[in-house]
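J.: Structure: input_31.pdb, PDB, C-alpha atoms.
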MODEL        1
ATOM      1  CA  MET A  17    -144.362 153.842-172.912  1.00  0.00           C
ATOM      2  CA  THR A  18    -142.539 150.502-172.978  1.00  0.00           C
ATOM      3  CA  THR A  19    -144.272 147.241-173.722  1.00  0.00           C
ATOM      4  CA  SER A  20    -143.367 143.975-172.093  1.00  0.00           C
ATOM      5  CA  ASN A  21    -141.981 142.651-175.395  1.00  0.00           C
ATOM      6  CA  SER A  22    -139.820 145.683-176.169  1.00  0.00           C
ATOM      7  CA  PRO A  23    -136.069 145.656-175.537  1.00  0.00           C
ATOM      8  CA  GLN A  24    -136.546 148.344-172.866  1.00  0.00           C
ATOM      9  CA  GLY A  25    -139.152 146.204-171.059  1.00  0.00           C
ATOM     10  CA  THR A  26    -136.792 143.228-171.118  1.00  0.00           C
ATOM     11  CA  LEU A  27    -133.985 145.392-169.746  1.00  0.00           C
ATOM     12  CA  VAL A  28    -136.237 146.698-166.954  1.00  0.00           C
ATOM     13  CA  ARG A  29    -137.255 143.173-165.929  1.00  0.00           C
ATOM     14  CA  ALA A  30    -133.646 141.978-165.997  1.00  0.00           C
ATOM     15  CA  THR A  31    -132.556 144.968-163.902  1.00  0.00           C
ATOM     16  CA  ARG A  32    -135.301 144.298-161.335  1.00  0.00           C
ATOM     17  CA  ARG A  33    -134.254 140.647-161.072  1.00  0.00           C
ATOM     18  CA  LEU A  34    -130.623 141.658-160.651  1.00  0.00           C
ATOM     19  CA  VAL A  35    -131.439 144.182-157.916  1.00  0.00           C
ATOM     20  CA  ALA A  36    -133.690 141.732-156.079  1.00  0.00           C
ATOM     21  CA  GLY A  37    -131.069 138.982-156.340  1.00  0.00           C
ATOM     22  CA  ALA A  38    -128.384 141.342-155.038  1.00  0.00           C
ATOM     23  CA  ALA A  39    -130.625 142.271-152.089  1.00  0.00           C
ATOM     24  CA  VAL A  40    -131.172 138.611-151.186  1.00  0.00           C
ATOM     25  CA  PHE A  41    -127.428 137.931-151.526  1.00  0.00           C
ATOM     26  CA  ALA A  42    -126.551 140.963-149.361  1.00  0.00           C
ATOM     27  CA  ALA A  43    -129.012 139.840-146.693  1.00  0.00           C
ATOM     28  CA  GLY A  44    -127.450 136.367-146.756  1.00  0.00           C
ATOM     29  CA  VAL A  45    -123.958 137.816-146.318  1.00  0.00           C
ATOM     30  CA  ALA A  46    -125.142 140.068-143.477  1.00  0.00           C
ATOM     31  CA  LEU A  47    -126.665 137.086-141.699  1.00  0.00           C
ATOM     32  CA  ALA A  48    -123.760 134.709-142.346  1.00  0.00           C
ATOM     33  CA  GLY A  49    -122.907 134.444-138.639  1.00  0.00           C
ATOM     34  CA  CYS A  50    -126.435 133.398-137.701  1.00  0.00           C
ATOM     35  CA  ALA A  51    -127.694 129.872-137.243  1.00  0.00           C
ATOM     36  CA  VAL A  52    -128.351 128.038-140.480  1.00  0.00           C
ATOM     37  CA  GLY A  53    -130.571 125.059-141.051  1.00  0.00           C
ATOM     38  CA  ALA A  54    -132.275 123.188-143.834  1.00  0.00           C
ATOM     39  CA  GLY A  55    -135.614 121.511-143.955  1.00  0.00           C
ATOM     40  CA  ILE A  56    -138.717 120.648-145.862  1.00  0.00           C
ATOM     41  CA  GLY A  57    -142.341 121.498-145.204  1.00  0.00           C
ATOM     42  CA  VAL A  58    -145.048 119.001-146.095  1.00  0.00           C
ATOM     43  CA  PRO A  59    -148.516 120.583-146.430  1.00  0.00           C
ATOM     44  CA  ILE A  60    -151.117 118.934-144.179  1.00  0.00           C
ATOM     45  CA  VAL A  61    -154.060 121.241-144.872  1.00  0.00           C
ATOM     46  CA  PRO A  62    -154.075 124.694-146.493  1.00  0.00           C
ATOM     47  CA  GLY A  63    -152.087 127.020-144.245  1.00  0.00           C
ATOM     48  CA  LEU A  64    -150.549 124.286-142.036  1.00  0.00           C
ATOM     49  CA  SER A  65    -147.370 122.297-142.698  1.00  0.00           C
ATOM     50  CA  LEU A  66    -145.437 119.486-141.041  1.00  0.00           C
ATOM     51  CA  ASN A  67    -141.750 120.430-141.049  1.00  0.00           C
ATOM     52  CA  LEU A  68    -138.738 118.156-140.915  1.00  0.00           C
ATOM     53  CA  GLY A  69    -135.294 119.700-140.727  1.00  0.00           C
ATOM     54  CA  VAL A  70    -131.812 119.805-139.330  1.00  0.00           C
ATOM     55  CA  GLY A  71    -130.101 122.789-137.739  1.00  0.00           C
ATOM     56  CA  PRO A  72    -127.130 123.560-135.498  1.00  0.00           C
ATOM     57  CA  GLY A  73    -128.734 121.595-132.644  1.00  0.00           C
ATOM     58  CA  GLY A  74    -129.586 118.509-134.679  1.00  0.00           C
ATOM     59  CA  PRO A  75    -132.812 117.157-136.204  1.00  0.00           C
ATOM     60  CA  VAL A  76    -136.119 118.972-135.632  1.00  0.00           C
ATOM     61  CA  ILE A  77    -139.794 118.207-136.280  1.00  0.00           C
ATOM     62  CA  GLY A  78    -142.546 120.794-136.075  1.00  0.00           C
ATOM     63  CA  VAL A  79    -145.704 122.356-137.417  1.00  0.00           C
ATOM     64  CA  SER A  80    -146.003 125.825-138.885  1.00  0.00           C
ATOM     65  CA  THR A  81    -148.355 128.232-140.521  1.00  0.00           C
ATOM     66  CA  GLY A  82    -147.728 131.262-142.627  1.00  0.00           C
ATOM     67  CA  TRP A  83    -149.299 133.979-144.669  1.00  0.00           C
ATOM     68  CA  GLY A  84    -147.233 135.723-147.287  1.00  0.00           C
ATOM     69  CA  PRO A  85    -143.754 136.473-145.945  1.00  0.00           C
ATOM     70  CA  LEU A  86    -144.772 135.949-142.277  1.00  0.00           C
ATOM     71  CA  GLY A  87    -144.772 132.646-140.442  1.00  0.00           C
ATOM     72  CA  ALA A  88    -144.990 131.055-137.010  1.00  0.00           C
ATOM     73  CA  GLY A  89    -144.474 127.559-135.697  1.00  0.00           C
ATOM     74  CA  VAL A  90    -143.774 125.160-132.878  1.00  0.00           C
ATOM     75  CA  SER A  91    -140.997 122.568-133.034  1.00  0.00           C
ATOM     76  CA  LEU A  92    -139.455 119.774-130.988  1.00  0.00           C
ATOM     77  CA  ASN A  93    -135.781 118.795-131.230  1.00  0.00           C
ATOM     78  CA  HIS A  94    -134.070 115.478-130.480  1.00  0.00           C
ATOM     79  CA  ARG A  95    -133.354 116.553-126.860  1.00  0.00           C
ATOM     80  CA  GLY A  96    -137.069 117.060-126.165  1.00  0.00           C
ATOM     81  CA  GLN A  97    -136.847 120.849-126.104  1.00  0.00           C
ATOM     82  CA  LEU A  98    -140.001 122.607-127.313  1.00  0.00           C
ATOM     83  CA  TYR A  99    -139.591 125.904-129.189  1.00  0.00           C
ATOM     84  CA  ALA A 100    -141.975 128.523-130.579  1.00  0.00           C
ATOM     85  CA  SER A 101    -140.817 130.721-133.434  1.00  0.00           C
ATOM     86  CA  ALA A 102    -141.947 133.560-135.679  1.00  0.00           C
ATOM     87  CA  GLY A 103    -140.258 135.140-138.657  1.00  0.00           C
ATOM     88  CA  ALA A 104    -140.354 136.863-142.010  1.00  0.00           C
ATOM     89  CA  SER A 105    -138.711 135.898-145.277  1.00  0.00           C
ATOM     90  CA  ALA A 106    -138.174 136.971-148.871  1.00  0.00           C
ATOM     91  CA  GLY A 107    -137.079 135.013-151.877  1.00  0.00           C
ATOM     92  CA  ILE A 108    -136.782 134.807-155.604  1.00  0.00           C
ATOM     93  CA  GLY A 109    -137.292 131.682-157.653  1.00  0.00           C
ATOM     94  CA  GLY A 110    -137.011 129.163-154.828  1.00  0.00           C
ATOM     95  CA  VAL A 111    -134.015 130.823-153.149  1.00  0.00           C
ATOM     96  CA  GLY A 112    -134.642 133.009-150.168  1.00  0.00           C
ATOM     97  CA  VAL A 113    -133.509 134.381-146.869  1.00  0.00           C
ATOM     98  CA  GLY A 114    -135.410 134.948-143.656  1.00  0.00           C
ATOM     99  CA  VAL A 115    -135.044 136.302-140.168  1.00  0.00           C
ATOM    100  CA  GLY A 116    -136.868 135.151-137.103  1.00  0.00           C
ATOM    101  CA  LYS A 117    -136.860 134.709-133.379  1.00  0.00           C
ATOM    102  CA  SER A 118    -137.425 131.556-131.394  1.00  0.00           C
ATOM    103  CA  VAL A 119    -138.088 131.036-127.702  1.00  0.00           C
ATOM    104  CA  MET A 120    -137.695 127.844-125.680  1.00  0.00           C
ATOM    105  CA  LEU A 121    -141.031 126.897-124.134  1.00  0.00           C
ATOM    106  CA  HIS A 122    -139.940 123.720-122.342  1.00  0.00           C
ATOM    107  CA  ASP A 123    -136.694 121.889-121.595  1.00  0.00           C
ATOM    108  CA  PRO A 124    -137.146 118.497-119.922  1.00  0.00           C
ATOM    109  CA  LEU A 125    -133.542 118.557-118.661  1.00  0.00           C
ATOM    110  CA  LEU A 126    -133.975 121.752-116.590  1.00  0.00           C
ATOM    111  CA  PRO A 127    -135.527 121.541-113.113  1.00  0.00           C
ATOM    112  CA  SER A 128    -139.006 122.985-112.755  1.00  0.00           C
ATOM    113  CA  ALA A 129    -139.180 126.650-111.777  1.00  0.00           C
ATOM    114  CA  SER A 130    -142.486 126.126-109.956  1.00  0.00           C
ATOM    115  CA  GLY A 131    -140.967 124.937-106.682  1.00  0.00           C
ATOM    116  CA  PRO A 132    -137.801 123.765-104.963  1.00  0.00           C
ATOM    117  CA  VAL A 133    -136.277 120.459-105.938  1.00  0.00           C
ATOM    118  CA  LEU A 134    -136.219 117.885-103.114  1.00  0.00           C
ATOM    119  CA  GLY A 135    -133.279 118.422-100.802  1.00  0.00           C
ATOM    120  CA  THR A 136    -132.674 122.035-101.841  1.00  0.00           C
ATOM    121  CA  ALA A 137    -134.966 123.841 -99.342  1.00  0.00           C
ATOM    122  CA  ALA A 138    -133.322 126.792 -97.593  1.00  0.00           C
ATOM    123  CA  LEU A 139    -132.082 126.321 -94.022  1.00  0.00           C
ATOM    124  CA  GLY A 140    -134.741 127.209 -91.495  1.00  0.00           C
ATOM    125  CA  SER A 141    -137.659 126.537 -93.839  1.00  0.00           C
ATOM    126  CA  PRO A 142    -140.412 124.062 -92.845  1.00  0.00           C
ATOM    127  CA  GLY A 143    -138.842 121.360 -95.013  1.00  0.00           C
ATOM    128  CA  ASN A 144    -135.355 121.884 -93.580  1.00  0.00           C
ATOM    129  CA  PRO A 145    -135.485 123.046 -89.913  1.00  0.00           C
ATOM    130  CA  VAL A 146    -132.412 124.291 -88.076  1.00  0.00           C
ATOM    131  CA  ALA A 147    -131.805 122.862 -84.566  1.00  0.00           C
ATOM    132  CA  PRO A 148    -131.396 125.455 -81.792  1.00  0.00           C
TER     133      PRO A 148
ENDMDL
END
In structure tokens, how does this file's structure come out?
T.:
Amino acid sequence: MTTSNSPQGTLVRATRRLVAGAAVFAAGVALAGCAVGAGIGVPIVPGLSLNLGVGPGGPVIGVSTGWGPLGAGVSLNHRGQLYASAGASAGIGGVGVGVGKSVMLHDPLLPSASGPVLGTAALGSPGNPVAP
């Protein structure tokens, strides 16, 4: 049996750190072509954070929550686009890697999908009659 102060215990801990670090590095290399961003989360209340960051699309502000390696949030970018996201992450000593998926909830620059835009009604419809 090895104790935590024995040379074997030290070697085991060092090996675990090395393997975990290599796994995080390998995940980072595998995801190198993905979007990368940086940000900071400011705790508001336990379990809820205000996030400020910058990514490929520019600056972003949002709120998020998480439990363990899982998280979810809502964010708004400088173009007014609203996104929802969820993901999972892993890290060691302040350095980590994560994967997630985000979905655009609202884009103020796109026309509404709820009805036709003025002047685009199909020919023969009540808003755009065709003369006989």
J.: What does the distance from atom CA of A:Leu66 to atom CA of A:Ser80 come to in Å, to one decimal?
T.: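 Distance reported for this atom pair: 6.7 Å.
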J.: In Å, rounded to a single decimal, give me how far atom CA of A:Gly103 is from atom CA of A:Val90.
T.: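 Going from atom CA of A:Val90 over to atom CA of A:Gly103 covers 12.1 Å.
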J.: Pick out the closest residue to A:Val113 from this set: A:Val70, A:Arg33, A:Pro85, A:Leu126. Count only C-alpha atoms.
T.: A:Pro85
J.: What separation in Å, quoted to one decimal, exists between atom CA of A:Ala104 and atom CA of A:His122?
T.: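 Separation between atom CA of A:Ala104 and atom CA of A:His122: 23.7 Å.
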J.: List as a ChimeraX atom specification the protein and nucleic acid residues near A:Ile60, meaning an atom at most 12 Å away when all atoms listed in the file are counted, but skip any in the same chain fewer than 2 places from it.
T.: /A:57-58,62-67,78-81
J.: Using all atoms listed in the file, what residues lie at most 12 Å away from (-132.2, 114.8, -128.0) (file coordinates), given as an mmCIF file with C-alpha atoms, in the coordinates of the input?
T.:
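Listing of selection07.cif after writing:
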data_model
loop_
_atom_site.group_PDB
_atom_site.id
_atom_site.type_symbol
_atom_site.label_atom_id
_atom_site.label_comp_id
_atom_site.auth_asym_id
_atom_site.auth_seq_id
_atom_site.Cartn_x
_atom_site.Cartn_y
_atom_site.Cartn_z
ATOM 1 C CA GLY A 73 -128.734 121.595 -132.644
ATOM 2 C CA GLY A 74 -129.586 118.509 -134.679
ATOM 3 C CA PRO A 75 -132.812 117.157 -136.204
ATOM 4 C CA VAL A 76 -136.119 118.972 -135.632
ATOM 5 C CA ILE A 77 -139.794 118.207 -136.280
ATOM 6 C CA LEU A 92 -139.455 119.774 -130.988
ATOM 7 C CA ASN A 93 -135.781 118.795 -131.230
ATOM 8 C CA HIS A 94 -134.070 115.478 -130.480
ATOM 9 C CA ARG A 95 -133.354 116.553 -126.860
ATOM 10 C CA GLY A 96 -137.069 117.060 -126.165
ATOM 11 C CA GLN A 97 -136.847 120.849 -126.104
ATOM 12 C CA LEU A 98 -140.001 122.607 -127.313
ATOM 13 C CA ASP A 123 -136.694 121.889 -121.595
ATOM 14 C CA PRO A 124 -137.146 118.497 -119.922
ATOM 15 C CA LEU A 125 -133.542 118.557 -118.661
#
J.: Once the PyMOL selection byres ((chain A and resi 119) around 6) has been applied to the shown file, what residues remain in the selection, as a PDB file with C-alpha atoms, in the frame of the given file?
T.:
ATOM      1  CA  TYR A  99    -139.591 125.904-129.189  1.00  0.00           C
ATOM      2  CA  ALA A 100    -141.975 128.523-130.579  1.00  0.00           C
ATOM      3  CA  SER A 118    -137.425 131.556-131.394  1.00  0.00           C
ATOM      4  CA  MET A 120    -137.695 127.844-125.680  1.00  0.00           C
TER       5      MET A 120
END
